[in-house]
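K.L.:
Could you have a look at this structure, given as structure tokens, before my questions?
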Amino acid sequence: MKRSAKERIGLSGKDGPPKALVENLGEFVDREVLLEGWLYNSRSSGKIAFLLLRDGSGTVQCVTAKADVGEEIFAVARQATQESSIRITGMVKKDDRAPGGYEIMVSNVEIVQIAEEYPITPKSHGTSFLMDHRHLWLRSARPHAILRIRSTVIHGLRDFFADRGFTNIDAPIFTPAACEGTSTLFETDYFDSKAYLTQSGQLYMEAAALAFGRVYSFGPTFRAEKSKTRRHLTEFWMLEPEMAWADLDDAMALAESMIVAVIDRVLDTHMQDLETLERDLSKLERIQKPFPRITYDEALAILEKKGKTIEWGEDFGGEDETVLAEEFDRPVFIHRWPKEAKAFYMDPDPEDKRLVLGVDMLAPEGYGEIIGGGQRTASLEYLDSQIEAHGLPAEAFEWYRDLRKYGSVPHAGFGIGLERFVGWICGTHHVREAIPFPRTMNRLYP
RNA sequence: UCCUCGGUAGCUCAGCUGGUAGAGCAAGCGGCUGUUAACCGCUGGGUCGUAGGUUCGAGUCCUACCCGGGGAGCCA
């Protein structure tokens, strides 16, 4: 067993010490291990060198004393430049002076490749420069922490829906026409015709919900809007659950449980990463059910009280959203919107025909709209009237109309923007930090 | 598309009412046995975004354009 494990991990000498990861050093105290990684930073004096090794799971300081390793190995240690790939053998020691609690007393240093002058130095850089080097920036502590949290958020979301009987049914990325008609679409050649990159999988999820009951899709979506703000990407990931036999209240209850479950999971498993990000934990810990639910009209009244007058029927701007969110210490649902402000498929409010049963969820701290959704109309007659009122091409929606012809039921769902959600959890300044390789109006590289 | 701020060394920036280019970090060399963005000394490093213009003289003033940050609209 031991031998096969050693062979599986490969490069360590057949008879050498076991290979360890920085995050597992606690299991190897007072034992010799092999660590494989990259030199994150180093400090040295004439007789002692401190090599900060990064291996993807964490960083650990490796103490190399000339008196212990001899002239030759000490010279090798001092030769390694920032981000050189190295193998270090040494004894794991518990040490309260070390940030992670452990450090390595080095017995051997092997350089795999000496890195050229690394562009990202330990000192400060501008975002533009860092984004030009995003492929390298991923190695730094901050992006590393954010993207590890992103990974956990994705797993948390998938587990949340799987636990509740949702089937994952992904929507296509090439689409024949606009899902919502309004936003700008990326157009691409599709053999002898045109196709568009999806801006939402929702209509397909409605079809899937009538087949599977409870479904969700999760994938990239594309918006060709010329938006240059900290909340916008041209390519972002959206998770869209849809439930048959459900209404607006069901959608809000689901969204609320989802947010709390995922934040709890991040708080349980990523304290160190949140610390790296200097995130104010109290702001996340107070995210508990229930979230306040206010109507569009009530939101208007709050804005009015704050001296911001908005004409009835208008959508809110970014600053309005921040002002509204500041009224609450947790996310807030705003529901029952003027028909004109929302998409054509929204179900009208039976108690006020000017309104539709749509909902937005605003995150605290100015992170804005994270969720948009609502109850979809089940009526073919009403749907047709709205397709016409919004000036949409009826022929593109024939299949969608079918959903109202063959066993139409009340159904509801929402979409959550992954990067805005992750950005909020991590407290990032801009959503582009919440995706590995951001695509914005001005960035298609690297 | 509009508003606004910016573009000077590899990076982050300073450069006053126009007078001939500067710091820290990084790189190279040397020193230091407990450093935490280590520290100390020395060295090299510039088409001041581009093109015009004003001037004896432009990084600095004017015009146009290019690129980027932030915001508006639109959205998750």
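Every chain in the structure tokens has a letter given in the order shown (A, B, ...), and although residue numbers restart at 1 in each chain, ligands are simply numbered from 1 in the order shown.
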Need the shell around segment 61-70 of chain B: protein/DNA/RNA residues with any atom at most 9 Å away, counting only C-alpha atoms (C1' of nucleotides). Skip same-chain ones fewer than 4 positions apart. Format as a short mmCIF file (atom, residue, chain, number, x, y, z; two decimals) with all heavy atoms, in the first residue's frame?
P.N.:
data_model
loop_
_atom_site.label_atom_id
_atom_site.label_comp_id
_atom_site.auth_asym_id
_atom_site.auth_seq_id
_atom_site.Cartn_x
_atom_site.Cartn_y
_atom_site.Cartn_z
N THR A 127 -4.42 47.46 -11.01
CA THR A 127 -5.29 46.38 -11.47
C THR A 127 -5.07 46.06 -12.95
O THR A 127 -5.08 44.90 -13.35
CB THR A 127 -6.76 46.77 -11.27
OG1 THR A 127 -6.93 47.22 -9.94
CG2 THR A 127 -7.66 45.58 -11.51
N SER A 128 -4.85 47.09 -13.73
CA SER A 128 -4.68 46.89 -15.16
C SER A 128 -3.46 46.02 -15.45
O SER A 128 -3.51 45.06 -16.21
CB SER A 128 -4.55 48.25 -15.84
OG SER A 128 -4.30 48.08 -17.20
N LYS A 228 -19.08 49.74 -18.44
CA LYS A 228 -17.76 49.76 -17.81
C LYS A 228 -17.94 50.10 -16.35
O LYS A 228 -17.70 51.22 -15.94
CB LYS A 228 -16.86 50.82 -18.47
CG LYS A 228 -16.54 50.53 -19.91
CD LYS A 228 -15.35 51.35 -20.36
CE LYS A 228 -15.52 52.83 -20.07
NZ LYS A 228 -14.32 53.59 -20.48
N THR A 229 -18.41 49.15 -15.58
CA THR A 229 -18.56 49.42 -14.15
C THR A 229 -18.02 48.23 -13.37
O THR A 229 -17.75 47.18 -13.94
CB THR A 229 -20.04 49.64 -13.72
OG1 THR A 229 -20.64 48.36 -13.54
CG2 THR A 229 -20.82 50.42 -14.75
N ARG A 230 -17.92 48.40 -12.07
CA ARG A 230 -17.35 47.34 -11.24
C ARG A 230 -18.31 46.17 -11.08
O ARG A 230 -17.97 45.18 -10.48
CB ARG A 230 -16.99 47.91 -9.87
CG ARG A 230 -18.21 48.32 -9.06
CD ARG A 230 -17.81 48.89 -7.73
NE ARG A 230 -17.16 50.19 -7.85
CZ ARG A 230 -16.79 50.91 -6.82
NH1 ARG A 230 -16.99 50.47 -5.61
NH2 ARG A 230 -16.24 52.09 -7.00
N ASN A 442 -13.27 45.93 -22.37
CA ASN A 442 -11.92 46.27 -22.81
C ASN A 442 -10.91 45.15 -22.59
O ASN A 442 -9.71 45.40 -22.66
CB ASN A 442 -11.44 47.52 -22.06
CG ASN A 442 -12.28 48.72 -22.39
OD1 ASN A 442 -12.54 48.98 -23.56
ND2 ASN A 442 -12.73 49.43 -21.38
P U B 4 -16.60 66.19 -18.27
OP1 U B 4 -16.56 67.60 -17.83
OP2 U B 4 -16.01 65.80 -19.59
"O5'" U B 4 -15.94 65.29 -17.16
"C5'" U B 4 -16.22 65.50 -15.78
"C4'" U B 4 -15.56 64.43 -14.94
"O4'" U B 4 -16.05 63.13 -15.35
"C3'" U B 4 -14.04 64.32 -15.12
"O3'" U B 4 -13.34 65.27 -14.34
"C2'" U B 4 -13.78 62.88 -14.68
"O2'" U B 4 -13.78 62.77 -13.28
"C1'" U B 4 -15.01 62.17 -15.23
N1 U B 4 -14.75 61.56 -16.56
C2 U B 4 -14.09 60.34 -16.58
O2 U B 4 -13.72 59.77 -15.57
N3 U B 4 -13.88 59.80 -17.83
C4 U B 4 -14.24 60.36 -19.04
O4 U B 4 -13.99 59.75 -20.09
C5 U B 4 -14.91 61.63 -18.93
C6 U B 4 -15.14 62.17 -17.73
P C B 5 -11.88 65.77 -14.81
OP1 C B 5 -11.56 66.98 -14.03
OP2 C B 5 -11.87 65.82 -16.29
"O5'" C B 5 -10.92 64.60 -14.34
"C5'" C B 5 -10.70 64.35 -12.96
"C4'" C B 5 -10.00 63.04 -12.76
"O4'" C B 5 -10.78 61.97 -13.37
"C3'" C B 5 -8.64 62.90 -13.44
"O3'" C B 5 -7.59 63.52 -12.71
"C2'" C B 5 -8.48 61.39 -13.54
"O2'" C B 5 -8.10 60.84 -12.29
"C1'" C B 5 -9.91 60.96 -13.86
N1 C B 5 -10.13 60.78 -15.31
C2 C B 5 -9.74 59.57 -15.89
O2 C B 5 -9.22 58.70 -15.18
N3 C B 5 -9.93 59.37 -17.21
C4 C B 5 -10.50 60.32 -17.96
N4 C B 5 -10.68 60.09 -19.26
C5 C B 5 -10.91 61.58 -17.39
C6 C B 5 -10.71 61.76 -16.08
P G B 6 -6.28 64.03 -13.50
OP1 G B 6 -5.36 64.54 -12.45
OP2 G B 6 -6.72 64.91 -14.60
"O5'" G B 6 -5.67 62.71 -14.14
"C5'" G B 6 -4.66 61.98 -13.48
"C4'" G B 6 -4.50 60.60 -14.05
"O4'" G B 6 -5.73 60.17 -14.71
"C3'" G B 6 -3.46 60.43 -15.14
"O3'" G B 6 -2.15 60.36 -14.62
"C2'" G B 6 -3.89 59.09 -15.76
"O2'" G B 6 -3.47 58.01 -14.95
"C1'" G B 6 -5.41 59.20 -15.68
N9 G B 6 -6.01 59.56 -16.97
C8 G B 6 -6.74 60.70 -17.26
N7 G B 6 -7.18 60.73 -18.50
C5 G B 6 -6.70 59.55 -19.05
C6 G B 6 -6.85 59.01 -20.36
O6 G B 6 -7.44 59.50 -21.32
N1 G B 6 -6.20 57.79 -20.50
C2 G B 6 -5.50 57.15 -19.51
N2 G B 6 -4.95 55.98 -19.83
N3 G B 6 -5.36 57.63 -18.28
C4 G B 6 -5.99 58.82 -18.13
P G B 7 -0.89 60.73 -15.54
OP1 G B 7 0.29 60.78 -14.64
OP2 G B 7 -1.24 61.89 -16.39
"O5'" G B 7 -0.74 59.47 -16.50
"C5'" G B 7 -0.45 58.18 -15.96
"C4'" G B 7 -0.19 57.20 -17.08
"O4'" G B 7 -1.35 57.21 -17.96
"C3'" G B 7 1.02 57.55 -17.95
"O3'" G B 7 1.69 56.36 -18.35
"C2'" G B 7 0.40 58.22 -19.17
"O2'" G B 7 1.15 58.03 -20.35
"C1'" G B 7 -0.94 57.50 -19.29
N9 G B 7 -1.97 58.34 -19.91
C8 G B 7 -2.56 59.44 -19.36
N7 G B 7 -3.43 60.01 -20.15
C5 G B 7 -3.41 59.22 -21.30
C6 G B 7 -4.13 59.35 -22.51
O6 G B 7 -4.97 60.20 -22.81
N1 G B 7 -3.81 58.36 -23.42
C2 G B 7 -2.89 57.36 -23.19
N2 G B 7 -2.71 56.51 -24.19
N3 G B 7 -2.20 57.23 -22.06
C4 G B 7 -2.50 58.19 -21.17
P G B 18 4.77 78.02 -16.25
OP1 G B 18 5.62 79.20 -16.24
OP2 G B 18 4.07 77.60 -17.49
"O5'" G B 18 5.71 76.89 -15.62
"C5'" G B 18 5.78 75.58 -15.88
"C4'" G B 18 6.90 75.13 -16.79
"O4'" G B 18 6.59 75.56 -18.15
"C3'" G B 18 8.30 75.66 -16.49
"O3'" G B 18 9.23 74.59 -16.68
"C2'" G B 18 8.54 76.69 -17.59
"O2'" G B 18 9.92 76.81 -17.95
"C1'" G B 18 7.76 76.06 -18.74
N9 G B 18 7.38 77.00 -19.79
C8 G B 18 6.66 78.15 -19.69
N7 G B 18 6.49 78.75 -20.84
C5 G B 18 7.14 77.94 -21.76
C6 G B 18 7.29 78.07 -23.16
O6 G B 18 6.88 78.95 -23.90
N1 G B 18 8.02 77.02 -23.68
C2 G B 18 8.54 75.98 -22.97
N2 G B 18 9.21 75.06 -23.67
N3 G B 18 8.40 75.83 -21.67
C4 G B 18 7.69 76.85 -21.13
P G B 49 3.68 60.41 -21.63
OP1 G B 49 3.47 61.75 -22.19
OP2 G B 49 3.06 60.02 -20.36
"O5'" G B 49 3.25 59.37 -22.76
"C5'" G B 49 3.69 58.02 -22.72
"C4'" G B 49 3.02 57.26 -23.83
"O4'" G B 49 1.60 57.15 -23.53
"C3'" G B 49 3.06 57.94 -25.19
"O3'" G B 49 4.26 57.63 -25.89
"C2'" G B 49 1.82 57.39 -25.88
"O2'" G B 49 2.05 56.09 -26.37
"C1'" G B 49 0.84 57.30 -24.71
N9 G B 49 0.02 58.50 -24.56
C8 G B 49 -0.02 59.34 -23.48
N7 G B 49 -0.87 60.33 -23.62
C5 G B 49 -1.42 60.13 -24.89
C6 G B 49 -2.39 60.88 -25.61
O6 G B 49 -2.99 61.90 -25.25
N1 G B 49 -2.66 60.33 -26.86
C2 G B 49 -2.05 59.20 -27.35
N2 G B 49 -2.44 58.84 -28.58
N3 G B 49 -1.14 58.49 -26.69
C4 G B 49 -0.87 59.01 -25.48
P U B 50 4.96 58.72 -26.82
OP1 U B 50 6.28 58.18 -27.22
OP2 U B 50 4.86 60.03 -26.14
"O5'" U B 50 4.02 58.77 -28.11
"C5'" U B 50 3.85 57.62 -28.94
"C4'" U B 50 2.89 57.94 -30.06
"O4'" U B 50 1.56 58.15 -29.51
"C3'" U B 50 3.18 59.24 -30.81
"O3'" U B 50 4.18 59.08 -31.80
"C2'" U B 50 1.82 59.57 -31.40
"O2'" U B 50 1.54 58.77 -32.53
"C1'" U B 50 0.89 59.15 -30.27
N1 U B 50 0.55 60.28 -29.36
C2 U B 50 -0.44 61.15 -29.78
O2 U B 50 -1.01 61.04 -30.85
N3 U B 50 -0.72 62.16 -28.90
C4 U B 50 -0.14 62.39 -27.68
O4 U B 50 -0.50 63.35 -27.00
C5 U B 50 0.89 61.45 -27.32
C6 U B 50 1.18 60.45 -28.15
P A B 51 5.12 60.32 -32.20
OP1 A B 51 6.15 59.79 -33.13
OP2 A B 51 5.53 61.02 -30.96
"O5'" A B 51 4.13 61.26 -33.00
"C5'" A B 51 3.53 60.80 -34.21
"C4'" A B 51 2.54 61.81 -34.71
"O4'" A B 51 1.40 61.90 -33.82
"C3'" A B 51 3.05 63.25 -34.76
"O3'" A B 51 3.86 63.49 -35.89
"C2'" A B 51 1.75 64.03 -34.78
"O2'" A B 51 1.15 64.01 -36.06
"C1'" A B 51 0.90 63.21 -33.82
N9 A B 51 0.94 63.75 -32.45
C8 A B 51 1.78 63.40 -31.43
N7 A B 51 1.58 64.06 -30.31
C5 A B 51 0.53 64.91 -30.63
C6 A B 51 -0.16 65.88 -29.88
N6 A B 51 0.11 66.16 -28.61
N1 A B 51 -1.16 66.56 -30.50
C2 A B 51 -1.44 66.27 -31.77
N3 A B 51 -0.85 65.39 -32.58
C4 A B 51 0.13 64.73 -31.94
P G B 52 4.78 64.80 -35.97
OP1 G B 52 5.75 64.63 -37.05
OP2 G B 52 5.27 65.13 -34.58
"O5'" G B 52 3.71 65.89 -36.38
"C5'" G B 52 3.88 67.21 -36.00
"C4'" G B 52 2.55 67.94 -36.08
"O4'" G B 52 1.59 67.28 -35.21
"C3'" G B 52 2.62 69.36 -35.56
"O3'" G B 52 3.08 70.26 -36.56
"C2'" G B 52 1.19 69.62 -35.09
"O2'" G B 52 0.33 69.87 -36.17
"C1'" G B 52 0.86 68.26 -34.47
N9 G B 52 1.32 68.19 -33.07
C8 G B 52 2.33 67.40 -32.55
N7 G B 52 2.52 67.57 -31.27
C5 G B 52 1.58 68.53 -30.92
C6 G B 52 1.30 69.11 -29.66
O6 G B 52 1.85 68.89 -28.58
N1 G B 52 0.27 70.05 -29.74
C2 G B 52 -0.41 70.36 -30.90
N2 G B 52 -1.37 71.29 -30.78
N3 G B 52 -0.17 69.83 -32.07
C4 G B 52 0.83 68.92 -32.01
P G B 53 4.32 71.21 -36.18
OP1 G B 53 4.76 71.88 -37.44
OP2 G B 53 5.30 70.47 -35.37
"O5'" G B 53 3.61 72.30 -35.27
"C5'" G B 53 2.47 73.00 -35.77
"C4'" G B 53 1.73 73.69 -34.67
"O4'" G B 53 1.32 72.72 -33.67
"C3'" G B 53 2.52 74.71 -33.86
"O3'" G B 53 2.68 75.93 -34.54
"C2'" G B 53 1.67 74.82 -32.60
"O2'" G B 53 0.52 75.62 -32.84
"C1'" G B 53 1.22 73.37 -32.41
N9 G B 53 2.06 72.66 -31.43
C8 G B 53 2.96 71.65 -31.65
N7 G B 53 3.55 71.23 -30.55
C5 G B 53 3.00 72.02 -29.55
C6 G B 53 3.24 72.03 -28.15
O6 G B 53 4.01 71.33 -27.49
N1 G B 53 2.46 72.99 -27.51
C2 G B 53 1.58 73.83 -28.14
N2 G B 53 0.92 74.69 -27.36
N3 G B 53 1.34 73.84 -29.43
C4 G B 53 2.08 72.90 -30.07
P U B 54 4.01 76.81 -34.30
OP1 U B 54 3.98 77.93 -35.29
OP2 U B 54 5.17 75.90 -34.21
"O5'" U B 54 3.72 77.42 -32.85
"C5'" U B 54 2.62 78.30 -32.64
"C4'" U B 54 2.57 78.73 -31.18
"O4'" U B 54 2.28 77.58 -30.35
"C3'" U B 54 3.88 79.27 -30.62
"O3'" U B 54 4.09 80.63 -30.96
"C2'" U B 54 3.70 79.04 -29.13
"O2'" U B 54 2.86 80.04 -28.56
"C1'" U B 54 2.94 77.70 -29.11
N1 U B 54 3.85 76.55 -28.94
C2 U B 54 4.26 76.24 -27.65
O2 U B 54 3.91 76.89 -26.68
N3 U B 54 5.10 75.16 -27.55
C4 U B 54 5.56 74.37 -28.58
O4 U B 54 6.31 73.44 -28.33
C5 U B 54 5.09 74.75 -29.89
C6 U B 54 4.28 75.80 -30.02
#
K.L.:
Enumerate as a ChimeraX atom specification the residues belonging to chain B that approach chain A to within 6 Å, with only C-alpha atoms (C1' of nucleotides) taken into account.
P.N.:
/B:12,32-33,37,76
K.L.:
Go ahead and write the selection's residues with N, CA and C atoms (P, O5', C5', C4', C3', O3' and C1' of nucleotides) as a PDB file, in the first residue's frame.
P.N.:
ATOM      1  P     U B  12       1.970  49.789 -12.427  1.00  0.00           P
ATOM      2  O5'   U B  12       2.278  50.439 -11.008  1.00  0.00           O
ATOM      3  C5'   U B  12       1.673  49.909  -9.830  1.00  0.00           C
ATOM      4  C4'   U B  12       2.057  50.755  -8.636  1.00  0.00           C
ATOM      5  C3'   U B  12       1.805  52.249  -8.804  1.00  0.00           C
ATOM      6  O3'   U B  12       0.454  52.584  -8.544  1.00  0.00           O
ATOM      7  C1'   U B  12       3.983  51.904  -7.922  1.00  0.00           C
ATOM      8  P     C B  32      28.892  38.505   5.987  1.00  0.00           P
ATOM      9  O5'   C B  32      27.640  38.705   6.945  1.00  0.00           O
ATOM     10  C5'   C B  32      27.782  39.439   8.170  1.00  0.00           C
ATOM     11  C4'   C B  32      26.422  39.780   8.719  1.00  0.00           C
ATOM     12  C3'   C B  32      25.487  38.587   8.932  1.00  0.00           C
ATOM     13  O3'   C B  32      25.742  37.917  10.154  1.00  0.00           O
ATOM     14  C1'   C B  32      24.327  40.305   7.789  1.00  0.00           C
ATOM     15  P     U B  33      25.740  36.311  10.219  1.00  0.00           P
ATOM     16  O5'   U B  33      24.328  36.014  10.901  1.00  0.00           O
ATOM     17  C5'   U B  33      23.130  36.213  10.165  1.00  0.00           C
ATOM     18  C4'   U B  33      22.022  35.431  10.811  1.00  0.00           C
ATOM     19  C3'   U B  33      21.854  35.717  12.298  1.00  0.00           C
ATOM     20  O3'   U B  33      20.462  35.748  12.543  1.00  0.00           O
ATOM     21  C1'   U B  33      22.145  33.399  11.952  1.00  0.00           C
ATOM     22  P     A B  37       5.108  41.313   6.044  1.00  0.00           P
ATOM     23  O5'   A B  37       5.326  41.629   4.515  1.00  0.00           O
ATOM     24  C5'   A B  37       5.503  40.563   3.594  1.00  0.00           C
ATOM     25  C4'   A B  37       6.181  41.097   2.371  1.00  0.00           C
ATOM     26  C3'   A B  37       7.519  41.781   2.645  1.00  0.00           C
ATOM     27  O3'   A B  37       8.418  41.481   1.574  1.00  0.00           O
ATOM     28  C1'   A B  37       6.091  43.277   1.555  1.00  0.00           C
ATOM     29  P     A B  76     -31.030  40.862 -15.271  1.00  0.00           P
ATOM     30  O5'   A B  76     -29.825  40.102 -14.560  1.00  0.00           O
ATOM     31  C5'   A B  76     -30.099  38.868 -13.905  1.00  0.00           C
ATOM     32  C4'   A B  76     -29.052  38.593 -12.860  1.00  0.00           C
ATOM     33  C3'   A B  76     -28.950  39.673 -11.791  1.00  0.00           C
ATOM     34  O3'   A B  76     -28.591  39.118 -10.545  1.00  0.00           O
ATOM     35  C1'   A B  76     -26.889  39.478 -12.924  1.00  0.00           C
TER      36        A B  76
END
K.L.:
Show me, as a list in words, the residues that have an atom within 7 Å of Val153 of chain A when counting only C-alpha atoms (C1' of nucleotides), minus same-chain residues fewer than 4 positions from it.
P.N.:
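Contacts, in chain order: Ile149, Leu157 and Val262 of chain A.
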K.L.:
So the first atom is atom CA of Asp250 of chain A and the second is atom CA of Gly373 of chain A; what is the distance between them in Å, to one decimal place?
P.N.:
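For atom CA of Asp250 of chain A relative to atom CA of Gly373 of chain A, the distance reads 11.2 Å.
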K.L.:
Would you please give, as number ranges by chain, all residues of segment 87-284 of chain A that DSSP assigns to alpha helix (DSSP H) based on the backbone?
P.N.:
A: 127-132, 134-137, 141-163, 202-212, 248-269, 271-276, 281-284
K.L.:
Please report, as a count of residues only, each residue of segment 276-420 of chain A to which DSSP assigns strand (DSSP E) when run on this structure's backbone.
P.N.:
40
